[in-house]
Amino acid sequence: METISGYRTAHRTEHERSLDRPAGDQVRQREQVLGEIREGFNAEATARVRLGDGSRRLVAYALVAPGESPMVALASARRYAEREGHQVVREVADATGPLDPCRRPGYLEVRRLVMGGYAEGLVVGAMSDISAEPDEYEREIRDLGERYVLVLLARPEAWA
């Protein structure tokens with residue numbers, strides 16, 4: 001015998017099925033908008049560099065789960081930065097899990113390093129290293145971007 005929920009799923013109207021689609025489209029659209037915001041700020045930061053000096057000093061940052069090694073994530077970020085012609089001058093990781101970025105000691109250290117002029121930007125493996133929450137992520141890229149901090153992602157904006 002079929003359950004009510006099984007019956008409902010199997011016999012939904014086209015309108016009901018179409019309500020499922022925008023959620024995925026909205027997520028992809030939000031990811032695209034966030035990527036465009038970040039790239040726009042990166043273009044402004046890059047424009048402030050003298051002609052011919054495209055190489056930047058970056059801090060590699062990784063966020064991992066408690067007890068997890070950050071070595072793979074940091075190596076991925078470093079390789080990406082080097083492929084793009086930049087130099088990683090420091091590697092920092094947090095093993096706190098997904099806290100608000102400004103509650104993580106390592107992330108605060110990265111901000112201090114780039115705001116203090118030790119590096120011109122940061123490189124991460126994925127946007128979730130900064131924040132898995134779209135609003136927090138946007139807040140951070142806007143705050144850093146307004147200060148001409150380059151923010152590079154080895155993998156473009158996407159929620160897993």
# chains A, B, ... in the order shown; residues from 1 in each chain; ligands from 1

call {"tool": "residues_around", "arguments": {"residues": "Pro98 of chain A", "least_positions_apart": "4", "cutoff": "10 Å", "atoms": "only C-alpha atoms", "output": "NGL selection string"}}
result
:A and (63-66 or 94 or 103-104 or 128-133)

call {"tool": "residues_around", "arguments": {"residues": "segment 37-48 of chain A", "least_positions_apart": "6", "cutoff": "9 Å", "atoms": "only C-alpha atoms", "output": "JSON, numbers by chain"}}
result
{"A": [54, 120, 138, 141, 142, 144, 145, 146, 147, 148, 149, 150, 151, 152]}

call {"tool": "write_last_selection", "arguments": {"atoms": "N, CA and C atoms", "output": "mmCIF file, in the first residue's frame"}}
result
data_model
loop_
_atom_site.group_PDB
_atom_site.id
_atom_site.type_symbol
_atom_site.label_atom_id
_atom_site.label_comp_id
_atom_site.auth_asym_id
_atom_site.auth_seq_id
_atom_site.Cartn_x
_atom_site.Cartn_y
_atom_site.Cartn_z
ATOM 1 N N GLY A 54 51.963 41.923 -11.474
ATOM 2 C CA GLY A 54 50.726 41.204 -11.210
ATOM 3 C C GLY A 54 50.826 40.206 -10.078
ATOM 4 N N GLU A 120 48.807 41.047 0.410
ATOM 5 C CA GLU A 120 47.798 41.813 -0.333
ATOM 6 C C GLU A 120 46.482 41.067 -0.479
ATOM 7 N N GLU A 138 29.195 36.948 1.866
ATOM 8 C CA GLU A 138 29.087 38.235 1.170
ATOM 9 C C GLU A 138 29.622 39.369 2.040
ATOM 10 N N ILE A 141 33.493 39.176 1.854
ATOM 11 C CA ILE A 141 34.125 39.591 0.590
ATOM 12 C C ILE A 141 33.928 41.078 0.335
ATOM 13 N N ARG A 142 32.799 41.617 0.769
ATOM 14 C CA ARG A 142 32.592 43.061 0.620
ATOM 15 C C ARG A 142 33.542 43.843 1.535
ATOM 16 N N LEU A 144 36.436 42.897 2.838
ATOM 17 C CA LEU A 144 37.815 42.786 2.346
ATOM 18 C C LEU A 144 37.983 43.543 1.029
ATOM 19 N N GLY A 145 37.019 43.394 0.133
ATOM 20 C CA GLY A 145 37.102 44.050 -1.172
ATOM 21 C C GLY A 145 37.141 45.560 -1.080
ATOM 22 N N GLU A 146 36.389 46.130 -0.151
ATOM 23 C CA GLU A 146 36.396 47.584 0.027
ATOM 24 C C GLU A 146 37.738 48.087 0.536
ATOM 25 N N ARG A 147 38.549 47.174 1.033
ATOM 26 C CA ARG A 147 39.902 47.516 1.492
ATOM 27 C C ARG A 147 40.959 47.065 0.480
ATOM 28 N N TYR A 148 40.527 46.737 -0.729
ATOM 29 C CA TYR A 148 41.393 46.330 -1.835
ATOM 30 C C TYR A 148 42.205 45.076 -1.524
ATOM 31 N N VAL A 149 41.593 44.157 -0.775
ATOM 32 C CA VAL A 149 42.217 42.873 -0.470
ATOM 33 C C VAL A 149 41.793 41.883 -1.550
ATOM 34 N N LEU A 150 42.748 41.230 -2.168
ATOM 35 C CA LEU A 150 42.481 40.224 -3.184
ATOM 36 C C LEU A 150 42.002 38.949 -2.488
ATOM 37 N N VAL A 151 40.893 38.376 -2.967
ATOM 38 C CA VAL A 151 40.360 37.132 -2.412
ATOM 39 C C VAL A 151 40.259 36.123 -3.547
ATOM 40 N N LEU A 152 41.101 35.089 -3.491
ATOM 41 C CA LEU A 152 41.114 34.062 -4.532
ATOM 42 C C LEU A 152 40.547 32.757 -4.009
#

call {"tool": "select_by_dssp", "arguments": {"residues": "segment 71-146 of chain A", "states": "helix (DSSP H, G or I)", "output": "ChimeraX atom specification"}}
result
/A:71-83,101-103,105-115,127-129,134-145

call {"tool": "atom_distance", "arguments": {"atom1": "atom CA of Asp143 of chain A", "atom2": "atom CA of Arg28 of chain A"}}
result
22.6 Å

call {"tool": "atom_distance", "arguments": {"atom1": "atom CA of Gly125 of chain A", "atom2": "atom CA of Asp25 of chain A"}}
result
23.6 Å

call {"tool": "atom_distance", "arguments": {"atom1": "atom CA of Arg78 of chain A", "atom2": "atom CA of Pro134 of chain A"}}
result
24.2 Å

call {"tool": "closest_residue", "arguments": {"among": "A:Val33, A:Leu74, A:Ala154, A:Leu108", "to": "Arg90 of chain A", "atoms": "only C-alpha atoms"}}
result
A:Leu74

call {"tool": "closest_residue", "arguments": {"among": "A:Glu136, A:Arg30, A:Pro70, A:Val110", "to": "Val123 of chain A", "atoms": "only C-alpha atoms"}}
result
A:Val110

call {"tool": "residues_around", "arguments": {"residues": "Glu68 of chain A", "least_positions_apart": "5", "cutoff": "12 Å", "atoms": "only C-alpha atoms", "output": "ChimeraX atom specification"}}
result
/A:62-63,73,93-97

call {"tool": "residues_around", "arguments": {"residues": "Tyr61 of chain A", "least_positions_apart": "3", "cutoff": "6 Å", "atoms": "only C-alpha atoms", "output": "ChimeraX atom specification"}}
result
/A:91-93,124
